[in-house]
Amino acid sequence: MSEGNFASGKCLCGNVKYSISSGPDRMGQCHCEDCRRTSGTGHISNAFFDINAVTIEGETSSYSTKADSGSTLTRFFCPNCGSRMFGKNSSKPNIISVTAGTLDNAEWFKPGFIVYNRDKPAWDFMDTSVPTFDEMPTA
Ligand SMILES: [Zn+2]
Ligand SMILES: [Zn+2]
């Protein structure tokens, strides 16, 4: 386990903490129904990292669903305060996503794409300069 120096974060109650040792592979936002329900708002904002770059302290609970692609998406949250923190996709076992809202300092966060834009609520306003896709691009 490496000591992170790129970024750190925690859940609302502080029982789950994490540190990140290097920068993200990519960053994006998703409006799909699952992401809306898990975030409780119009979209989720995720930064994706190499799984070895993220060190997690504390117990999480998880909940899994099937993605449209057929792979299994697992979300990890604090069992005490409910903060939604991490995500894993069974088709990409070396990648972990971190929700941008749980970062201690997210000034570096800049989404490179917005997916499932067809499910975007009219009241959720996004950066129009970010490339936007109706669903999940396959390429
Ligand atoms: Zn918590
Ligand atoms: Zn989604």
# chains A, B, ... in the order shown; residues from 1 in each chain; ligands from 1
$ closest_atom_pairs --of "chain A" --to "ligand 1" --cutoff "12 Å" --atoms "only C-alpha atoms and all ligand atoms" --output "JSON lines"
{"residue": "A:Gly9", "atom": "CA", "partner": "ligand 1", "partner_atom_place_in_ligand_line": "1 (Zn)", "distance": 11.3}
{"residue": "A:Lys10", "atom": "CA", "partner": "ligand 1", "partner_atom_place_in_ligand_line": "1 (Zn)", "distance": 7.6}
{"residue": "A:Cys11", "atom": "CA", "partner": "ligand 1", "partner_atom_place_in_ligand_line": "1 (Zn)", "distance": 4.5}
{"residue": "A:Leu12", "atom": "CA", "partner": "ligand 1", "partner_atom_place_in_ligand_line": "1 (Zn)", "distance": 4.9}
{"residue": "A:Cys13", "atom": "CA", "partner": "ligand 1", "partner_atom_place_in_ligand_line": "1 (Zn)", "distance": 3.9}
{"residue": "A:Gly14", "atom": "CA", "partner": "ligand 1", "partner_atom_place_in_ligand_line": "1 (Zn)", "distance": 5.1}
{"residue": "A:Asn15", "atom": "CA", "partner": "ligand 1", "partner_atom_place_in_ligand_line": "1 (Zn)", "distance": 4.8}
{"residue": "A:Val16", "atom": "CA", "partner": "ligand 1", "partner_atom_place_in_ligand_line": "1 (Zn)", "distance": 5.7}
{"residue": "A:Lys17", "atom": "CA", "partner": "ligand 1", "partner_atom_place_in_ligand_line": "1 (Zn)", "distance": 8.7}
{"residue": "A:Tyr18", "atom": "CA", "partner": "ligand 1", "partner_atom_place_in_ligand_line": "1 (Zn)", "distance": 11.9}
{"residue": "A:Glu57", "atom": "CA", "partner": "ligand 1", "partner_atom_place_in_ligand_line": "1 (Zn)", "distance": 11.3}
{"residue": "A:Gly58", "atom": "CA", "partner": "ligand 1", "partner_atom_place_in_ligand_line": "1 (Zn)", "distance": 9.1}
{"residue": "A:Glu59", "atom": "CA", "partner": "ligand 1", "partner_atom_place_in_ligand_line": "1 (Zn)", "distance": 9.3}
{"residue": "A:Thr60", "atom": "CA", "partner": "ligand 1", "partner_atom_place_in_ligand_line": "1 (Zn)", "distance": 8.7}
{"residue": "A:Ser61", "atom": "CA", "partner": "ligand 1", "partner_atom_place_in_ligand_line": "1 (Zn)", "distance": 10.6}
{"residue": "A:Phe76", "atom": "CA", "partner": "ligand 1", "partner_atom_place_in_ligand_line": "1 (Zn)", "distance": 11.3}
{"residue": "A:Phe77", "atom": "CA", "partner": "ligand 1", "partner_atom_place_in_ligand_line": "1 (Zn)", "distance": 7.9}
{"residue": "A:Cys78", "atom": "CA", "partner": "ligand 1", "partner_atom_place_in_ligand_line": "1 (Zn)", "distance": 4.6}
{"residue": "A:Pro79", "atom": "CA", "partner": "ligand 1", "partner_atom_place_in_ligand_line": "1 (Zn)", "distance": 6.6}
{"residue": "A:Asn80", "atom": "CA", "partner": "ligand 1", "partner_atom_place_in_ligand_line": "1 (Zn)", "distance": 5.0}
{"residue": "A:Cys81", "atom": "CA", "partner": "ligand 1", "partner_atom_place_in_ligand_line": "1 (Zn)", "distance": 4.1}
{"residue": "A:Gly82", "atom": "CA", "partner": "ligand 1", "partner_atom_place_in_ligand_line": "1 (Zn)", "distance": 6.1}
{"residue": "A:Ser83", "atom": "CA", "partner": "ligand 1", "partner_atom_place_in_ligand_line": "1 (Zn)", "distance": 6.0}
{"residue": "A:Arg84", "atom": "CA", "partner": "ligand 1", "partner_atom_place_in_ligand_line": "1 (Zn)", "distance": 9.1}
{"residue": "A:Met85", "atom": "CA", "partner": "ligand 1", "partner_atom_place_in_ligand_line": "1 (Zn)", "distance": 9.6}
{"residue": "A:Thr102", "atom": "CA", "partner": "ligand 1", "partner_atom_place_in_ligand_line": "1 (Zn)", "distance": 10.4}
$ select_by_dssp --residues "range 44-136 of chain A" --states "strand (DSSP E or B)" --output "PyMOL selection string"
chain A and resi 44-50+54-57+61-66+72-77+84-89+92-99+103+113-115+132
$ write_last_selection --atoms "N, CA and C atoms" --output "short mmCIF file (atom, residue, chain, number, x, y, z; two decimals), in the first residue's frame"
data_model
loop_
_atom_site.label_atom_id
_atom_site.label_comp_id
_atom_site.auth_asym_id
_atom_site.auth_seq_id
_atom_site.Cartn_x
_atom_site.Cartn_y
_atom_site.Cartn_z
N ILE A 44 -23.73 11.80 -11.38
CA ILE A 44 -22.60 11.49 -10.51
C ILE A 44 -21.33 11.94 -11.22
N SER A 45 -20.35 12.41 -10.46
CA SER A 45 -19.08 12.88 -11.00
C SER A 45 -17.99 11.94 -10.50
N ASN A 46 -17.34 11.24 -11.44
CA ASN A 46 -16.35 10.24 -11.06
C ASN A 46 -14.99 10.54 -11.65
N ALA A 47 -13.94 10.30 -10.87
CA ALA A 47 -12.57 10.26 -11.37
C ALA A 47 -12.12 8.80 -11.30
N PHE A 48 -11.49 8.32 -12.38
CA PHE A 48 -11.10 6.91 -12.48
C PHE A 48 -9.59 6.77 -12.31
N PHE A 49 -9.20 5.86 -11.42
CA PHE A 49 -7.79 5.68 -11.07
C PHE A 49 -7.38 4.22 -11.22
N ASP A 50 -6.06 4.00 -11.39
CA ASP A 50 -5.50 2.67 -11.25
C ASP A 50 -5.79 2.20 -9.83
N VAL A 54 -5.04 3.89 -5.15
CA VAL A 54 -6.01 4.33 -4.14
C VAL A 54 -5.92 3.44 -2.90
N THR A 55 -5.63 4.05 -1.77
CA THR A 55 -5.55 3.34 -0.48
C THR A 55 -6.75 3.74 0.36
N ILE A 56 -7.54 2.74 0.77
CA ILE A 56 -8.78 3.00 1.50
C ILE A 56 -8.62 2.53 2.94
N GLU A 57 -9.07 3.37 3.86
CA GLU A 57 -9.04 3.08 5.30
C GLU A 57 -10.47 3.05 5.80
N SER A 61 -19.64 -0.64 2.75
CA SER A 61 -20.64 -1.59 2.27
C SER A 61 -20.74 -1.42 0.77
N SER A 62 -21.34 -2.40 0.09
CA SER A 62 -21.41 -2.30 -1.37
C SER A 62 -22.76 -2.75 -1.89
N TYR A 63 -23.05 -2.31 -3.10
CA TYR A 63 -24.28 -2.69 -3.79
C TYR A 63 -23.97 -2.80 -5.28
N SER A 64 -24.36 -3.93 -5.89
CA SER A 64 -24.02 -4.20 -7.28
C SER A 64 -25.26 -4.27 -8.16
N THR A 65 -25.10 -3.81 -9.40
CA THR A 65 -26.14 -3.96 -10.42
C THR A 65 -25.46 -4.32 -11.73
N LYS A 66 -26.29 -4.77 -12.70
CA LYS A 66 -25.80 -5.05 -14.06
C LYS A 66 -25.85 -3.77 -14.88
N THR A 72 -20.83 -6.08 -14.32
CA THR A 72 -21.38 -5.78 -13.00
C THR A 72 -20.73 -4.52 -12.46
N LEU A 73 -21.57 -3.57 -12.06
CA LEU A 73 -21.08 -2.34 -11.42
C LEU A 73 -21.32 -2.46 -9.93
N THR A 74 -20.27 -2.23 -9.14
CA THR A 74 -20.40 -2.29 -7.69
C THR A 74 -20.06 -0.94 -7.11
N ARG A 75 -20.96 -0.42 -6.30
CA ARG A 75 -20.73 0.87 -5.63
C ARG A 75 -20.43 0.62 -4.17
N PHE A 76 -19.51 1.40 -3.63
CA PHE A 76 -19.09 1.26 -2.24
C PHE A 76 -19.44 2.53 -1.49
N PHE A 77 -20.03 2.36 -0.33
CA PHE A 77 -20.48 3.52 0.45
C PHE A 77 -20.20 3.28 1.93
N ARG A 84 -21.57 7.91 -0.82
CA ARG A 84 -21.23 7.05 -1.96
C ARG A 84 -19.83 7.44 -2.42
N MET A 85 -18.88 6.49 -2.34
CA MET A 85 -17.48 6.86 -2.47
C MET A 85 -16.75 6.26 -3.67
N PHE A 86 -16.90 4.94 -3.88
CA PHE A 86 -16.09 4.27 -4.89
C PHE A 86 -16.98 3.43 -5.80
N GLY A 87 -16.44 3.11 -6.97
CA GLY A 87 -17.14 2.21 -7.87
C GLY A 87 -16.15 1.31 -8.59
N LYS A 88 -16.61 0.07 -8.90
CA LYS A 88 -15.79 -0.85 -9.70
C LYS A 88 -16.68 -1.47 -10.76
N ASN A 89 -16.04 -1.76 -11.92
CA ASN A 89 -16.73 -2.38 -13.04
C ASN A 89 -16.04 -3.72 -13.29
N LYS A 92 -13.45 -4.00 -15.92
CA LYS A 92 -12.20 -3.24 -15.78
C LYS A 92 -11.68 -3.39 -14.34
N PRO A 93 -11.19 -4.60 -13.99
CA PRO A 93 -10.84 -4.88 -12.59
C PRO A 93 -9.67 -4.05 -12.05
N ASN A 94 -8.91 -3.41 -12.93
CA ASN A 94 -7.76 -2.62 -12.45
C ASN A 94 -8.10 -1.15 -12.22
N ILE A 95 -9.37 -0.80 -12.41
CA ILE A 95 -9.78 0.60 -12.30
C ILE A 95 -10.77 0.77 -11.14
N ILE A 96 -10.61 1.86 -10.40
CA ILE A 96 -11.58 2.21 -9.37
C ILE A 96 -12.01 3.65 -9.61
N SER A 97 -13.30 3.91 -9.45
CA SER A 97 -13.76 5.29 -9.55
C SER A 97 -13.94 5.87 -8.16
N VAL A 98 -13.71 7.16 -8.07
CA VAL A 98 -13.87 7.90 -6.81
C VAL A 98 -14.84 9.04 -7.09
N THR A 99 -15.84 9.22 -6.24
CA THR A 99 -16.80 10.30 -6.45
C THR A 99 -16.14 11.64 -6.07
N LEU A 103 -13.84 14.19 -2.33
CA LEU A 103 -12.44 14.63 -2.27
C LEU A 103 -12.28 15.80 -1.30
N PHE A 113 -15.96 13.85 -20.25
CA PHE A 113 -17.13 13.36 -20.98
C PHE A 113 -18.34 13.34 -20.05
N ILE A 114 -19.52 13.40 -20.69
CA ILE A 114 -20.79 13.26 -19.98
C ILE A 114 -21.55 12.15 -20.69
N VAL A 115 -21.95 11.10 -19.96
CA VAL A 115 -22.65 9.98 -20.59
C VAL A 115 -24.09 9.86 -20.07
N THR A 132 -20.49 15.19 -24.96
CA THR A 132 -21.69 14.62 -24.35
C THR A 132 -22.22 13.48 -25.23
#
$ closest_atom_pairs --of "range 72-136 of chain A" --to "range 20-37 of chain A" --cutoff "7 Å" --atoms "only C-alpha atoms" --output "Markdown table"
| residue | atom | partner | partner_atom | distance |
| --- | --- | --- | --- | --- |
| A:Lys110 | CA | A:Met27 | CA | 6.6 |
| A:Pro111 | CA | A:Gly28 | CA | 4.5 |
| A:Gly112 | CA | A:Gly28 | CA | 5.5 |
| A:Phe113 | CA | A:Gly28 | CA | 4.9 |
| A:Ile114 | CA | A:Gln29 | CA | 4.8 |
| A:Val115 | CA | A:Cys30 | CA | 4.8 |
| A:Tyr116 | CA | A:Cys32 | CA | 5.2 |
| A:Asn117 | CA | A:His31 | CA | 5.9 |
| A:Asp119 | CA | A:His31 | CA | 5.6 |
| A:Lys120 | CA | A:His31 | CA | 5.2 |
$ write_last_selection --atoms "C-alpha atoms" --output "CSV table (one decimal), in the first residue's frame"
chain,number,residue,atom,x,y,z
A,110,LYS,CA,-12.4,18.4,-14.9
A,111,PRO,CA,-14.8,16.0,-16.6
A,112,GLY,CA,-13.7,14.8,-20.1
A,113,PHE,CA,-17.1,13.4,-21.0
A,114,ILE,CA,-20.8,13.3,-20.0
A,115,VAL,CA,-22.6,10.0,-20.6
A,116,TYR,CA,-26.3,9.0,-20.6
A,117,ASN,CA,-27.2,12.5,-21.4
A,119,ASP,CA,-31.5,10.7,-18.9
A,120,LYS,CA,-30.4,14.2,-17.8
$ closest_residue --among "A:Thr41, A:Ser69, A:Asn105, A:Asn52" --to "Met136 in chain A" --atoms "only C-alpha atoms"
A:Ser69
